[in-house]
Number of protein chains: 2
Amino acid sequence: MIITIIGLGLMGGSAAIDLRKRGIASHIIGVDTDKINANAALNIGFVDELLDMESAVKNAEFVIVAIPVDAALLVLPKVLDWVDKQVVTDMCSTKGKLLEWVKYHPKRRNYVAAHPMAGTEFSGPWAAISGLFDGKAVILCDTEDSDIRAVATTKRIFETLNMRVIYMNGANHDVHAAYISHISHISSFALALTVLEKEKNEKHIFDLASGGFDSTVRLAKSSAEMWTPIFGQNKENVLTVLETYISKLKDFKKTIENDDAEKLAKLIKESNQIRRILFK
Amino acid sequence: MIITIIGLGLMGGSAAIDLRKRGIASHIIGVDTDKINANAALNIGFVDELLDMESAVKNAEFVIVAIPVDAALLVLPKVLDWVDKQVVTDMCSTKGKLLEWVKYHPKRRNYVAAHPMAGTEFSGPWAAISGLFDGKAVILCDTEDSDIRAVATTKRIFETLNMRVIYMNGANHDVHAAYISHISHISSFALALTVLEKEKNEKHIFDLASGGFDSTVRLAKSSAEMWTPIFGQNKENVLTVLETYISKLKDFKKTIENDDAEKLAKLIKESNQIRRILFK
């Protein structure tokens with residue numbers, strides 16, 4: 001299959017590596033408006049050639065749009081303008097607005113909305129790795145609006161990446177993503193800012209960082225280019241969850257202020273129930 | 001060396017395993033008020049015998065107090081009442097109050113206050129593992145109040161556990177711990193509560209948890225028995241950092257509410273600076 005990948009960063013690059021390695025891609029065409037990224041992808045070797053977007057789409061059988069969600073709003077309609085029989089999917093972390101955006105596009109049925117729930121805190125073509133998607137879940141959204149064969153092909157692509165395929169409507173997806181992914185990132189970003197502010201005033205206080213800190217703050221290395229538009233597009237859900245989160249933190253604050261050890265222990269024990277979700 | 005370990009959980013058990021394995025402990029005596037834990041430690045084999053606390057202290061050359069900080073306030077003075085030439089250390093995550101508590105004890109110089117910055121989200125003797133402390137830092141506090149030979153012996157014990165030894169005064173330690181460790185835990189506990197509250201109302205929404213969520217919420221599995229007294233004893237520092245953290249989250253909230261993408265990107269980029277600290 002000739003596959004075009006638009007956006008040659010962590011996600012697109014990692015997909016390219018394994019789609020070729022596992023034999024489903026016979027030829028991979030790369031598109032990236034960033035010349036440095038594009039040339040890196042060609043030099044690393046996970047794409048076979050670089051083309052302008054129109055030629056890349058027209059010469060492909062399958063197109064993966066792997067760019068930030070704000071850019072996807074501009075690019076996806078153009079890609080659909082150019083397709084004939086090509087199947088198009090994407091890898092964006094928010095789905096509602098994008099699906100609304102192309103709802104009445106004459107080629108809507110060629111498009112299958114996807115959110116592969118995988119990633120690292122790194123970005124760019126140099127961050128691309130084999131195995132990134134293995135064992136993770138991919139959510140396909142509003143598939144009733146896509147051609148049944150387009151869905152089957154997209155499913156096959158993600159199954160080649162060793163992903164579990166889950167179906168959900170776009171609106172539910174965005175609520176889910178706000179709770180499972182978006183709030184974790186805001187929590188980490190804010191934690192990093194808290195610690196950095198302290199560091200500004202007291203040099204050398206943070207010579208050591210323990211395991212717990214590392215893992216909680218790891219996501220704070222994630223890129224602004226990717227996350228700013230996600231929070232924008234999933235605004236209502238993110239604000240709701242952020243409000244709940246702040247109120248939970250205030251519960252902790254008040255309980256500690258009041259020296260209420262019993263209530264504090266109760267809050268912690270309640271939170272321990274998260275094992276149920278994590279080990280599902 | 002005959003070593004007594006008071007508290008046979010994750011920390012005490014993991015220390016026992018490696019102190020024996022690496023040849024420094026010739027005989028390990030265990031003490032635990034919880035009979036199930038005590039017998040488990042004996043059956044797993046990381047202690048050689050169980051004794052009452054007084055005999056255990058009197059028969060030892062080196063004593064490690066590895067219990068939650070509230071229990072340590074009760075136990076440490078008693079242990080010091082019983083020591084003759086024995087050296088005593090502890091593994092508590094807050095130091096200020098404990099140091100104040102034994103400041104004028106006639107055997108104060110036999111005690112070396114320590115905080116090994118290691119752990120997992122699991123607890124109990126079954127969680128004990130070899131290598132838990134390897135490569136991590138241990139903070140020895142207010143060592144000018146300890147006998148110089150007691151400090152040397154304690155240093156040798158923690159170096160046998162392959163730890164980097166750092167010296168700090170108790171008050172600084174507690175500020176540091178609030179920023180690096182305590183707030184990470186509150187952040188995780190609150191995040192878990194946020195997600196669990198949502199789950200109560202919408203069943204099955206959390207069938208999947210991505211990598212980011214896992215790592216941010218991992219600490220929410222930590223035990224209430226350990227963490228409730230830590231937040232109590234480090235109250236002032238924890239409240240200060242919690243206040244800053246909540247205000248940073250409010251900055252994010254306001255910026256998202258105002259659709260201010262430029263400011264949002266700026267906040268994220270600032271938080272990315274955490275790389276500097278993590279990679280130190």
# chains A, B, ... in the order shown; residues from 1 in each chain; ligands from 1
$ select_by_dssp --residues "segment 32-275 of chain A" --states "helix (DSSP H, G or I)" --output "ChimeraX atom specification"
/A:35-44,53-58,69-82,96-101,108-110,125-127,143-145,148-160,170-201,211-221,224-233,235-257,261-272,274-275
$ calpha_fit_and_write --fixed "chain B" --moving "chain A" --output "mmCIF file with C-alpha atoms, in the first residue's frame"
data_model
loop_
_atom_site.group_PDB
_atom_site.id
_atom_site.type_symbol
_atom_site.label_atom_id
_atom_site.label_comp_id
_atom_site.auth_asym_id
_atom_site.auth_seq_id
_atom_site.Cartn_x
_atom_site.Cartn_y
_atom_site.Cartn_z
ATOM 1 C CA MET A 1 27.016 -5.924 62.292
ATOM 2 C CA ILE A 2 23.811 -6.829 64.168
ATOM 3 C CA ILE A 3 21.064 -4.630 62.775
ATOM 4 C CA THR A 4 17.600 -4.078 64.203
ATOM 5 C CA ILE A 5 14.866 -2.850 61.906
ATOM 6 C CA ILE A 6 11.756 -1.364 63.481
ATOM 7 C CA GLY A 7 8.945 -1.400 60.921
ATOM 8 C CA LEU A 8 9.051 -4.274 58.430
ATOM 9 C CA GLY A 9 7.368 -2.656 55.431
ATOM 10 C CA LEU A 10 8.564 -1.538 52.018
ATOM 11 C CA MET A 11 11.428 0.624 53.333
ATOM 12 C CA GLY A 12 12.654 -1.481 56.248
ATOM 13 C CA GLY A 13 12.259 -4.707 54.301
ATOM 14 C CA SER A 14 14.094 -3.450 51.217
ATOM 15 C CA ALA A 15 16.943 -2.187 53.412
ATOM 16 C CA ALA A 16 17.149 -5.568 55.183
ATOM 17 C CA ILE A 17 17.370 -7.458 51.889
ATOM 18 C CA ASP A 18 20.320 -5.468 50.546
ATOM 19 C CA LEU A 19 22.176 -4.987 53.848
ATOM 20 C CA ARG A 20 22.306 -8.741 54.201
ATOM 21 C CA LYS A 21 23.030 -9.439 50.535
ATOM 22 C CA ARG A 22 25.939 -6.993 50.531
ATOM 23 C CA GLY A 23 27.494 -8.509 53.621
ATOM 24 C CA ILE A 24 27.254 -5.647 56.120
ATOM 25 C CA ALA A 25 24.522 -7.261 58.247
ATOM 26 C CA SER A 26 25.519 -10.467 60.042
ATOM 27 C CA HIS A 27 22.178 -10.784 61.836
ATOM 28 C CA ILE A 28 18.929 -8.872 61.384
ATOM 29 C CA ILE A 29 16.367 -8.479 64.179
ATOM 30 C CA GLY A 30 12.866 -7.396 63.221
ATOM 31 C CA VAL A 31 10.242 -5.450 65.199
ATOM 32 C CA ASP A 32 6.701 -4.765 64.045
ATOM 33 C CA THR A 33 3.564 -4.181 66.120
ATOM 34 C CA ASP A 34 1.555 -5.654 63.256
ATOM 35 C CA LYS A 35 1.795 -9.442 63.799
ATOM 36 C CA ILE A 36 0.896 -10.271 60.184
ATOM 37 C CA ASN A 37 3.649 -8.020 58.836
ATOM 38 C CA ALA A 38 6.150 -9.340 61.382
ATOM 39 C CA ASN A 39 5.480 -12.986 60.524
ATOM 40 C CA ALA A 40 5.548 -12.231 56.812
ATOM 41 C CA ALA A 41 8.990 -10.638 57.190
ATOM 42 C CA LEU A 42 10.236 -13.730 59.039
ATOM 43 C CA ASN A 43 8.713 -16.090 56.469
ATOM 44 C CA ILE A 44 10.002 -14.111 53.488
ATOM 45 C CA GLY A 45 13.305 -14.357 55.327
ATOM 46 C CA PHE A 46 14.620 -10.821 55.383
ATOM 47 C CA VAL A 47 14.802 -10.863 59.195
ATOM 48 C CA ASP A 48 16.414 -13.640 61.248
ATOM 49 C CA GLU A 49 14.298 -13.233 64.367
ATOM 50 C CA LEU A 50 11.505 -11.174 65.857
ATOM 51 C CA LEU A 51 11.951 -9.566 69.275
ATOM 52 C CA ASP A 52 10.119 -7.057 71.432
ATOM 53 C CA MET A 53 11.394 -3.541 70.822
ATOM 54 C CA GLU A 54 13.455 -3.184 73.993
ATOM 55 C CA SER A 55 15.377 -6.453 73.506
ATOM 56 C CA ALA A 56 15.764 -5.736 69.800
ATOM 57 C CA VAL A 57 17.360 -2.357 70.507
ATOM 58 C CA LYS A 58 19.580 -3.650 73.319
ATOM 59 C CA ASN A 59 20.837 -6.591 71.238
ATOM 60 C CA ALA A 60 21.683 -4.478 68.184
ATOM 61 C CA GLU A 61 24.656 -2.435 67.082
ATOM 62 C CA PHE A 62 22.669 -0.396 64.577
ATOM 63 C CA VAL A 63 18.941 0.436 64.678
ATOM 64 C CA ILE A 64 16.822 1.595 61.748
ATOM 65 C CA VAL A 65 13.434 3.130 62.531
ATOM 66 C CA ALA A 66 11.351 2.623 59.384
ATOM 67 C CA ILE A 67 7.815 3.551 60.393
ATOM 68 C CA PRO A 68 5.394 6.396 59.534
ATOM 69 C CA VAL A 69 6.321 9.804 60.953
ATOM 70 C CA ASP A 70 3.541 9.936 63.548
ATOM 71 C CA ALA A 71 4.571 6.575 64.995
ATOM 72 C CA ALA A 72 8.223 7.667 64.900
ATOM 73 C CA LEU A 73 7.431 10.527 67.317
ATOM 74 C CA LEU A 74 6.371 7.920 69.876
ATOM 75 C CA VAL A 75 8.973 5.285 69.122
ATOM 76 C CA LEU A 76 12.223 7.224 68.608
ATOM 77 C CA PRO A 77 12.464 8.658 72.167
ATOM 78 C CA LYS A 78 11.828 5.175 73.607
ATOM 79 C CA VAL A 79 14.517 3.664 71.378
ATOM 80 C CA LEU A 80 16.964 6.335 72.530
ATOM 81 C CA ASP A 81 16.062 5.573 76.170
ATOM 82 C CA TRP A 82 17.277 2.015 75.598
ATOM 83 C CA VAL A 83 20.484 2.634 73.656
ATOM 84 C CA ASP A 84 23.951 2.423 75.092
ATOM 85 C CA LYS A 85 26.482 2.566 72.233
ATOM 86 C CA GLN A 86 23.994 1.741 69.494
ATOM 87 C CA VAL A 87 23.633 4.068 66.532
ATOM 88 C CA VAL A 88 20.057 4.879 65.527
ATOM 89 C CA THR A 89 18.775 6.222 62.221
ATOM 90 C CA ASP A 90 15.323 6.618 60.663
ATOM 91 C CA MET A 91 13.720 6.819 57.222
ATOM 92 C CA CYS A 92 11.007 9.447 57.760
ATOM 93 C CA SER A 93 9.956 11.856 55.003
ATOM 94 C CA THR A 94 9.635 14.855 57.318
ATOM 95 C CA LYS A 95 12.391 15.815 59.700
ATOM 96 C CA GLY A 96 11.645 19.126 61.466
ATOM 97 C CA LYS A 97 9.253 17.950 64.139
ATOM 98 C CA LEU A 98 11.095 14.682 64.825
ATOM 99 C CA LEU A 99 14.386 16.534 65.335
ATOM 100 C CA GLU A 100 12.730 19.029 67.680
ATOM 101 C CA TRP A 101 11.165 16.139 69.581
ATOM 102 C CA VAL A 102 14.474 14.488 70.542
ATOM 103 C CA LYS A 103 16.633 17.645 70.585
ATOM 104 C CA TYR A 104 17.332 17.445 74.325
ATOM 105 C CA HIS A 105 17.339 13.668 74.692
ATOM 106 C CA PRO A 106 20.506 12.625 76.587
ATOM 107 C CA LYS A 107 21.246 10.119 73.806
ATOM 108 C CA ARG A 108 20.587 12.588 70.950
ATOM 109 C CA ARG A 109 24.160 12.170 69.669
ATOM 110 C CA ASN A 110 23.555 8.451 69.008
ATOM 111 C CA TYR A 111 20.831 9.385 66.507
ATOM 112 C CA VAL A 112 21.423 10.382 62.875
ATOM 113 C CA ALA A 113 18.317 11.741 61.095
ATOM 114 C CA ALA A 114 17.972 10.378 57.563
ATOM 115 C CA HIS A 115 15.537 10.559 54.678
ATOM 116 C CA PRO A 116 16.309 8.069 51.933
ATOM 117 C CA MET A 117 14.534 9.498 48.857
ATOM 118 C CA ALA A 118 13.322 6.194 47.471
ATOM 119 C CA GLY A 119 10.101 4.254 47.448
ATOM 120 C CA THR A 120 7.323 2.866 45.328
ATOM 121 C CA GLU A 121 3.569 3.313 45.522
ATOM 122 C CA PHE A 122 3.299 -0.079 47.225
ATOM 123 C CA SER A 123 3.641 -0.892 50.911
ATOM 124 C CA GLY A 124 4.053 -3.742 53.376
ATOM 125 C CA PRO A 125 6.710 -6.484 53.669
ATOM 126 C CA TRP A 126 5.531 -8.054 50.394
ATOM 127 C CA ALA A 127 6.498 -4.847 48.569
ATOM 128 C CA ALA A 128 10.131 -5.049 49.767
ATOM 129 C CA ILE A 129 12.611 -5.434 46.918
ATOM 130 C CA SER A 130 16.346 -5.553 46.359
ATOM 131 C CA GLY A 131 17.750 -2.450 44.689
ATOM 132 C CA LEU A 132 15.074 -0.030 45.910
ATOM 133 C CA PHE A 133 17.661 2.487 47.112
ATOM 134 C CA ASP A 134 20.283 2.019 44.384
ATOM 135 C CA GLY A 135 21.400 5.297 42.829
ATOM 136 C CA LYS A 136 18.975 7.426 44.847
ATOM 137 C CA ALA A 137 19.818 10.202 47.322
ATOM 138 C CA VAL A 138 19.660 10.068 51.111
ATOM 139 C CA ILE A 139 19.523 13.313 53.082
ATOM 140 C CA LEU A 140 21.212 13.330 56.484
ATOM 141 C CA CYS A 141 19.912 16.213 58.609
ATOM 142 C CA ASP A 142 21.461 18.292 61.411
ATOM 143 C CA THR A 143 24.471 15.968 61.632
ATOM 144 C CA GLU A 144 26.319 18.501 63.812
ATOM 145 C CA ASP A 145 24.045 17.298 66.635
ATOM 146 C CA SER A 146 25.160 13.681 66.133
ATOM 147 C CA ASP A 147 28.316 11.908 67.227
ATOM 148 C CA ILE A 148 30.881 11.955 64.428
ATOM 149 C CA ARG A 149 31.284 8.152 64.556
ATOM 150 C CA ALA A 150 27.509 7.674 64.482
ATOM 151 C CA VAL A 151 27.385 9.768 61.314
ATOM 152 C CA ALA A 152 30.219 7.739 59.770
ATOM 153 C CA THR A 153 28.459 4.431 60.513
ATOM 154 C CA THR A 154 25.141 5.679 59.172
ATOM 155 C CA LYS A 155 26.861 6.960 56.043
ATOM 156 C CA ARG A 156 28.420 3.530 55.552
ATOM 157 C CA ILE A 157 24.999 1.848 55.880
ATOM 158 C CA PHE A 158 23.422 4.103 53.259
ATOM 159 C CA GLU A 159 26.436 3.816 50.971
ATOM 160 C CA THR A 160 26.048 0.051 51.158
ATOM 161 C CA LEU A 161 22.523 0.679 49.868
ATOM 162 C CA ASN A 162 24.234 2.494 46.947
ATOM 163 C CA MET A 163 22.856 5.895 47.934
ATOM 164 C CA ARG A 164 24.356 9.350 47.388
ATOM 165 C CA VAL A 165 24.692 11.061 50.771
ATOM 166 C CA ILE A 166 23.600 14.714 50.994
ATOM 167 C CA TYR A 167 23.689 16.919 54.104
ATOM 168 C CA MET A 168 21.016 19.493 54.873
ATOM 169 C CA ASN A 169 19.477 21.103 57.916
ATOM 170 C CA GLY A 170 16.108 19.746 58.990
ATOM 171 C CA ALA A 171 14.110 22.888 58.196
ATOM 172 C CA ASN A 172 15.507 23.150 54.649
ATOM 173 C CA HIS A 173 14.853 19.472 54.158
ATOM 174 C CA ASP A 174 11.176 19.907 54.913
ATOM 175 C CA VAL A 175 10.772 22.815 52.475
ATOM 176 C CA HIS A 176 12.547 20.800 49.824
ATOM 177 C CA ALA A 177 10.444 17.683 50.477
ATOM 178 C CA ALA A 178 7.218 19.710 50.235
ATOM 179 C CA TYR A 179 8.153 20.841 46.718
ATOM 180 C CA ILE A 180 9.762 17.705 45.370
ATOM 181 C CA SER A 181 7.697 14.988 46.942
ATOM 182 C CA HIS A 182 4.697 16.003 49.043
ATOM 183 C CA ILE A 183 2.949 18.179 46.443
ATOM 184 C CA SER A 184 3.384 15.465 43.778
ATOM 185 C CA HIS A 185 1.422 13.131 46.001
ATOM 186 C CA ILE A 186 -1.383 15.607 46.682
ATOM 187 C CA SER A 187 -1.536 16.360 42.960
ATOM 188 C CA SER A 188 -1.970 12.651 42.215
ATOM 189 C CA PHE A 189 -4.479 12.021 45.004
ATOM 190 C CA ALA A 190 -6.640 14.931 43.808
ATOM 191 C CA LEU A 191 -6.411 13.809 40.182
ATOM 192 C CA ALA A 192 -7.545 10.318 41.156
ATOM 193 C CA LEU A 193 -10.512 11.759 43.077
ATOM 194 C CA THR A 194 -11.468 13.917 40.086
ATOM 195 C CA VAL A 195 -11.523 10.962 37.735
ATOM 196 C CA LEU A 196 -13.273 8.678 40.219
ATOM 197 C CA GLU A 197 -16.039 11.221 40.757
ATOM 198 C CA LYS A 198 -16.656 11.355 37.006
ATOM 199 C CA GLU A 199 -16.656 7.571 36.814
ATOM 200 C CA LYS A 200 -19.369 7.367 39.469
ATOM 201 C CA ASN A 201 -21.762 9.186 37.155
ATOM 202 C CA GLU A 202 -20.737 7.763 33.807
ATOM 203 C CA LYS A 203 -20.003 4.079 33.972
ATOM 204 C CA HIS A 204 -17.552 2.544 31.528
ATOM 205 C CA ILE A 205 -16.193 5.871 30.423
ATOM 206 C CA PHE A 206 -12.711 4.884 31.594
ATOM 207 C CA ASP A 207 -12.145 1.629 29.801
ATOM 208 C CA LEU A 208 -8.796 2.932 28.728
ATOM 209 C CA ALA A 209 -6.028 4.789 30.445
ATOM 210 C CA SER A 210 -3.148 6.086 28.386
ATOM 211 C CA GLY A 211 0.489 6.229 29.393
ATOM 212 C CA GLY A 212 0.338 9.843 30.488
ATOM 213 C CA PHE A 213 -2.521 9.263 32.873
ATOM 214 C CA ASP A 214 -0.874 6.203 34.397
ATOM 215 C CA SER A 215 2.294 7.997 35.297
ATOM 216 C CA THR A 216 0.631 11.141 36.645
ATOM 217 C CA VAL A 217 -1.749 9.239 38.856
ATOM 218 C CA ARG A 218 0.600 6.445 39.927
ATOM 219 C CA LEU A 219 1.368 8.054 43.295
ATOM 220 C CA ALA A 220 -2.350 8.049 44.141
ATOM 221 C CA LYS A 221 -1.904 4.408 45.090
ATOM 222 C CA SER A 222 0.263 5.484 48.050
ATOM 223 C CA SER A 223 -0.914 4.598 51.537
ATOM 224 C CA ALA A 224 -2.934 6.857 53.821
ATOM 225 C CA GLU A 225 -1.096 5.496 56.886
ATOM 226 C CA MET A 226 2.159 6.888 55.592
ATOM 227 C CA TRP A 227 0.994 10.133 53.970
ATOM 228 C CA THR A 228 -1.560 11.528 56.428
ATOM 229 C CA PRO A 229 1.044 12.207 59.150
ATOM 230 C CA ILE A 230 3.562 13.549 56.608
ATOM 231 C CA PHE A 231 1.158 16.272 55.493
ATOM 232 C CA GLY A 232 0.340 16.960 59.146
ATOM 233 C CA GLN A 233 3.960 17.314 60.226
ATOM 234 C CA ASN A 234 4.998 19.378 57.232
ATOM 235 C CA LYS A 235 1.806 21.414 57.354
ATOM 236 C CA GLU A 236 3.141 24.943 56.803
ATOM 237 C CA ASN A 237 5.391 24.052 53.865
ATOM 238 C CA VAL A 238 2.789 21.841 52.247
ATOM 239 C CA LEU A 239 0.136 24.560 52.521
ATOM 240 C CA THR A 240 2.449 27.133 50.945
ATOM 241 C CA VAL A 241 3.261 24.972 47.967
ATOM 242 C CA LEU A 242 -0.345 23.825 47.608
ATOM 243 C CA GLU A 243 -1.448 27.449 47.454
ATOM 244 C CA THR A 244 1.049 28.204 44.688
ATOM 245 C CA TYR A 245 -0.032 25.088 42.848
ATOM 246 C CA ILE A 246 -3.722 26.013 42.976
ATOM 247 C CA SER A 247 -2.915 29.513 41.745
ATOM 248 C CA LYS A 248 -0.974 28.081 38.774
ATOM 249 C CA LEU A 249 -3.954 25.881 37.905
ATOM 250 C CA LYS A 250 -6.187 28.940 38.085
ATOM 251 C CA ASP A 251 -3.828 30.702 35.643
ATOM 252 C CA PHE A 252 -4.355 27.826 33.221
ATOM 253 C CA LYS A 253 -8.107 27.925 33.774
ATOM 254 C CA LYS A 254 -8.379 31.650 33.147
ATOM 255 C CA THR A 255 -6.156 31.482 30.077
ATOM 256 C CA ILE A 256 -8.246 28.696 28.550
ATOM 257 C CA GLU A 257 -11.476 30.545 29.435
ATOM 258 C CA ASN A 258 -10.165 33.647 27.656
ATOM 259 C CA ASP A 259 -9.072 31.680 24.555
ATOM 260 C CA ASP A 260 -5.666 33.276 25.052
ATOM 261 C CA ALA A 261 -3.604 30.820 22.986
ATOM 262 C CA GLU A 262 -0.512 33.000 23.150
ATOM 263 C CA LYS A 263 -0.434 33.142 26.948
ATOM 264 C CA LEU A 264 -1.295 29.424 27.157
ATOM 265 C CA ALA A 265 1.655 28.537 24.912
ATOM 266 C CA LYS A 266 3.852 30.777 27.075
ATOM 267 C CA LEU A 267 2.796 28.990 30.281
ATOM 268 C CA ILE A 268 3.493 25.583 28.732
ATOM 269 C CA LYS A 269 6.884 26.674 27.415
ATOM 270 C CA GLU A 270 7.803 28.021 30.836
ATOM 271 C CA SER A 271 6.832 24.715 32.398
ATOM 272 C CA ASN A 272 9.005 22.870 29.848
ATOM 273 C CA GLN A 273 11.981 24.410 31.683
ATOM 274 C CA ILE A 274 11.508 21.621 34.220
ATOM 275 C CA ARG A 275 13.867 19.607 31.998
ATOM 276 C CA ARG A 276 16.683 21.591 33.621
ATOM 277 C CA ILE A 277 15.783 20.190 37.036
ATOM 278 C CA LEU A 278 14.873 16.675 35.965
ATOM 279 C CA PHE A 279 18.088 16.108 34.072
ATOM 280 C CA LYS A 280 20.398 17.498 36.727
#
$ select_by_dssp --residues "segment 7-246 of chain A" --states "strand (DSSP E)" --output "PyMOL selection string"
chain A and resi 27-31+49-50+62-65+87-90+111-116+137-141+164-168
$ write_last_selection --atoms "C-alpha atoms" --output "compact mmCIF listing (two decimals), in the first residue's frame"
# COMPACT_ATOMS: atom_id res chain seq x y z
CA HIS A 27 6.13 3.09 -0.28
CA ILE A 28 5.86 6.00 2.15
CA ILE A 29 5.49 9.61 1.00
CA GLY A 30 6.20 12.34 3.53
CA VAL A 31 4.81 15.89 3.81
CA GLU A 49 10.27 10.66 -0.72
CA LEU A 50 9.01 14.13 0.07
CA PHE A 62 -3.93 5.79 2.38
CA VAL A 63 -3.29 9.18 4.02
CA ILE A 64 -2.46 9.79 7.67
CA VAL A 65 -2.79 13.34 8.98
CA VAL A 87 -8.81 6.68 2.64
CA VAL A 88 -7.82 9.40 5.10
CA THR A 89 -7.32 9.14 8.85
CA ASP A 90 -5.82 11.42 11.50
CA TYR A 111 -12.32 9.99 6.22
CA VAL A 112 -12.11 7.90 9.40
CA ALA A 113 -11.48 9.95 12.58
CA ALA A 114 -8.93 8.30 14.87
CA HIS A 115 -7.16 9.03 18.13
CA PRO A 116 -4.34 6.61 18.85
CA ALA A 137 -5.83 1.74 22.34
CA VAL A 138 -7.01 3.69 19.29
CA ILE A 139 -10.44 5.32 19.33
CA LEU A 140 -12.29 5.51 16.02
CA CYS A 141 -15.03 8.15 16.18
CA ARG A 164 -6.82 -2.27 20.27
CA VAL A 165 -9.61 -0.63 18.27
CA ILE A 166 -12.42 1.05 20.25
CA TYR A 167 -15.44 2.86 18.79
CA MET A 168 -16.93 5.97 20.37
